[in-house]
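Worksheet for the structure shown next.
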Amino acid sequence: MDVVLNQVEARVLGCLIEKEMTTPEYYPLSLNALTNACNQKSNRDPVLALAEEDVVRSLNRMRFNQLTVVSGESSRVAKYRHLLAEKMGLIPAELAVISELLLRGPQTVGELRTRCERMYSFPDLNAVEDVLLELMEREDPLITRMARQPGRKESRYAHLFSGKPVERPVEEGSAPPEPARQRVMVEDQRIMKLEEEVAALRTEVAELRQAVEEFKGQFE
């Protein structure tokens, strides 16, 4: 993947795909509707509490990478839609699987078949496996099969839009992180990304200044 999405960007993209497939009459989405979709308590893991500003930052970066666009269908309220199908040549079955993985993280074939039902109806598990195989065997793979965890009978699949997933051992009786901790983690990740982008820009400016000085030196 040329583009690596952070957690908020992955959530925004997953929501745009989901709402296009489940409620096409309300798609593209306004900023308010998209933020509400990102903060849904159902069909989301983890549950987030994003502000509209967080969503705007994610939309801006993904627009730069040609993953989202502002729709011109309404002159009163800006609305947003994704460009994933056009950009990567994806069919509805593939979009449903990708959306589900973006919204809930790694899942088994059985979980994907059940949870994708609201977006796309797979006739059986083999149909889901066929889609997963297609997405894994692309020249630029979009998903990967994770190593089977101890005590689990089935392997899970994860998207690669945020880079290679990190295997985390499941501990018995471990409590999930509190919503406040999840929000802090999202904010820390966003700040880290901004710091990396600022550092890259500073390097580019320094290189440009040096090039200008060298150019000026030719005439002195």
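Labels for the structure tokens follow display order: chains A, B, ..., residues from 1 in each chain, ligands from 1.
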Extract, using only C-alpha atoms, all DNA, RNA and protein residues at most 10 Å from region 76-80 of chain A, discarding same-chain residues fewer than 2 positions from it, and format them as number ranges by chain. A: 16, 27-34, 59, 63, 68-74, 82-83
Set the distance at 7 Å and use only C-alpha atoms: which residues neighbour Ser155 (chain A) once local chain neighbours fewer than 6 positions away are removed? I'd like the list as a PDB file with C-alpha atoms, in the first residue's frame.
ATOM      1  CA  THR A 108     -12.473 -14.889  10.817  1.00  0.00           C
ATOM      2  CA  ARG A 145      -4.122 -13.724   6.815  1.00  0.00           C
ATOM      3  CA  MET A 146      -2.834 -13.536  10.373  1.00  0.00           C
ATOM      4  CA  ALA A 147      -1.251 -16.387  12.306  1.00  0.00           C
ATOM      5  CA  ARG A 148      -3.784 -18.440  14.209  1.00  0.00           C
TER       6      ARG A 148
END
May I have the residues within 9 Å of Arg44 (chain A) as a PyMOL selection string, using only C-alpha atoms and disregarding those fewer than 5 positions away in the same chain? chain A and resi 11+38-39+100+103-105
Requested write-out: N, CA and C atoms of the selected residues, as an mmCIF file, in the first residue's frame:
data_model
loop_
_atom_site.group_PDB
_atom_site.id
_atom_site.type_symbol
_atom_site.label_atom_id
_atom_site.label_comp_id
_atom_site.auth_asym_id
_atom_site.auth_seq_id
_atom_site.Cartn_x
_atom_site.Cartn_y
_atom_site.Cartn_z
ATOM 1 N N ARG A 11 -11.208 4.457 10.116
ATOM 2 C CA ARG A 11 -12.607 4.486 10.558
ATOM 3 C C ARG A 11 -13.456 5.316 9.592
ATOM 4 N N CYS A 38 -18.880 7.440 12.513
ATOM 5 C CA CYS A 38 -17.593 7.040 13.091
ATOM 6 C C CYS A 38 -17.720 6.714 14.577
ATOM 7 N N ASN A 39 -18.638 7.402 15.262
ATOM 8 C CA ASN A 39 -18.789 7.239 16.712
ATOM 9 C C ASN A 39 -19.885 6.250 17.096
ATOM 10 N N GLU A 100 -15.773 -3.939 6.574
ATOM 11 C CA GLU A 100 -15.920 -4.637 7.849
ATOM 12 C C GLU A 100 -14.580 -4.732 8.579
ATOM 13 N N LEU A 103 -13.690 -1.352 10.019
ATOM 14 C CA LEU A 103 -14.543 -0.933 11.132
ATOM 15 C C LEU A 103 -14.350 -1.751 12.399
ATOM 16 N N ARG A 104 -13.968 -3.047 12.247
ATOM 17 C CA ARG A 104 -13.892 -3.911 13.429
ATOM 18 C C ARG A 104 -12.562 -4.620 13.627
ATOM 19 N N GLY A 105 -11.630 -4.432 12.707
ATOM 20 C CA GLY A 105 -10.346 -5.093 12.872
ATOM 21 C C GLY A 105 -10.365 -6.540 12.403
#
Extract, using only C-alpha atoms, all DNA, RNA and protein residues at most 12 Å from Glu18 (chain A), discarding same-chain residues fewer than 2 positions from it, and format them as a PyMOL selection string. chain A and resi 11-16+20-24+26-29+34+37-38+43-44+81-82+92-104+115-120
Selection file, C-alpha atoms, as a compact mmCIF listing (two decimals), in the first residue's frame:
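Resulting contents of again_4.txt:
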# COMPACT_ATOMS: atom_id res chain seq x y z
CA ARG A 11 -12.61 4.49 10.56
CA VAL A 12 -13.69 7.33 8.26
CA LEU A 13 -13.03 5.31 5.12
CA GLY A 14 -14.80 2.25 6.52
CA CYS A 15 -17.86 4.33 7.43
CA LEU A 16 -18.10 5.90 3.97
CA GLU A 20 -22.89 3.82 0.73
CA MET A 21 -23.87 0.12 0.83
CA THR A 22 -26.41 0.17 3.69
CA THR A 23 -28.14 3.54 3.28
CA PRO A 24 -27.45 4.71 -0.31
CA TYR A 26 -28.40 9.21 2.46
CA TYR A 27 -25.04 8.93 0.69
CA PRO A 28 -22.74 10.90 0.18
CA LEU A 29 -22.49 11.94 3.83
CA LEU A 34 -20.04 10.97 8.93
CA ALA A 37 -21.19 7.10 11.85
CA CYS A 38 -17.59 7.04 13.09
CA ASN A 43 -20.59 -2.55 14.51
CA ARG A 44 -17.45 -0.73 15.70
CA ARG A 81 -17.77 10.06 -0.59
CA HIS A 82 -14.98 7.54 -1.01
CA PRO A 92 -19.32 -4.75 -3.93
CA ALA A 93 -18.35 -8.05 -2.29
CA GLU A 94 -14.77 -6.84 -1.89
CA LEU A 95 -15.86 -3.44 -0.60
CA ALA A 96 -18.07 -5.09 2.04
CA VAL A 97 -15.19 -7.20 3.37
CA ILE A 98 -12.78 -4.27 3.41
CA SER A 99 -15.30 -2.03 5.17
CA GLU A 100 -15.92 -4.64 7.85
CA LEU A 101 -12.19 -5.07 8.47
CA LEU A 102 -11.69 -1.29 8.63
CA LEU A 103 -14.54 -0.93 11.13
CA ARG A 104 -13.89 -3.91 13.43
CA ARG A 115 -21.25 -9.19 9.74
CA CYS A 116 -21.10 -8.33 6.04
CA GLU A 117 -24.73 -9.43 5.60
CA ARG A 118 -26.03 -5.87 6.02
CA MET A 119 -23.81 -4.74 3.12
CA TYR A 120 -23.50 -7.81 0.91
Check the DSSP output for the backbone and give back, as a JSON list (two decimals) with N, CA and C atoms, in the first residue's frame, the residues of region 51-147 of chain A in strand (DSSP E).
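Writing done, so here's selection_32.json:
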[["chain", "number", "residue", "atom", "x", "y", "z"],
["A", 68, "THR", "N", -10.84, 9.97, -0.95],
["A", 68, "THR", "CA", -12.15, 10.58, -0.71],
["A", 68, "THR", "C", -12.25, 11.86, -1.53],
["A", 69, "VAL", "N", -13.47, 12.35, -1.67],
["A", 69, "VAL", "CA", -13.70, 13.56, -2.45],
["A", 69, "VAL", "C", -14.94, 14.27, -1.92],
["A", 70, "VAL", "N", -15.00, 15.58, -2.09],
["A", 70, "VAL", "CA", -16.20, 16.33, -1.76],
["A", 70, "VAL", "C", -17.17, 16.19, -2.91],
["A", 71, "SER", "N", -18.41, 15.80, -2.61],
["A", 71, "SER", "CA", -19.41, 15.63, -3.65],
["A", 71, "SER", "C", -19.98, 16.98, -4.05],
["A", 79, "LYS", "N", -20.73, 17.41, 1.13],
["A", 79, "LYS", "CA", -20.91, 15.99, 1.41],
["A", 79, "LYS", "C", -19.71, 15.24, 0.86],
["A", 80, "TYR", "N", -19.44, 14.10, 1.49],
["A", 80, "TYR", "CA", -18.21, 13.38, 1.19],
["A", 80, "TYR", "C", -18.51, 11.94, 0.77],
["A", 81, "ARG", "N", -17.67, 11.45, -0.16],
["A", 81, "ARG", "CA", -17.77, 10.06, -0.59],
["A", 81, "ARG", "C", -16.38, 9.50, -0.80],
["A", 82, "HIS", "N", -16.28, 8.18, -0.81],
["A", 82, "HIS", "CA", -14.98, 7.54, -1.01],
["A", 82, "HIS", "C", -14.75, 7.25, -2.49],
["A", 143, "ILE", "N", -5.35, -7.16, 1.90],
["A", 143, "ILE", "CA", -5.56, -7.84, 3.18],
["A", 143, "ILE", "C", -4.51, -8.92, 3.36],
["A", 144, "THR", "N", -4.43, -9.45, 4.58],
["A", 144, "THR", "CA", -3.49, -10.52, 4.88],
["A", 144, "THR", "C", -4.13, -11.49, 5.86],
["A", 145, "ARG", "N", -3.65, -12.73, 5.84],
["A", 145, "ARG", "CA", -4.12, -13.72, 6.82],
["A", 145, "ARG", "C", -3.15, -13.74, 7.98]]
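For the set A:Asn36, A:Gln7, A:Val212, A:Pro165, the residue with the smallest atom-to-atom gap to Lys19 (chain A) is A:Asn36, counting only C-alpha atoms.
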Secondary structure check, helix (DSSP H, G or I) residues of region 21-216 of chain A, as a ChimeraX atom specification: /A:21-22,24-26,31-38,52-64,84-88,92-104,109-118,125-136,179-216
For a test of reading the model, state the distance in Å between CA of Val56 (chain A) and CA of Arg190 (chain A), rounded to one decimal. 12.5 Å
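Atom pair CA of Gln210 (chain A) / CA of Asn65 (chain A): separated by 28.7 Å.
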So that I can check the surroundings of Gln107 (chain A), please list as number ranges by chain every protein, DNA and RNA residue that reaches within 7 Å of it, counting only C-alpha atoms and ignoring chain neighbours fewer than 6 positions away. A: 156-158
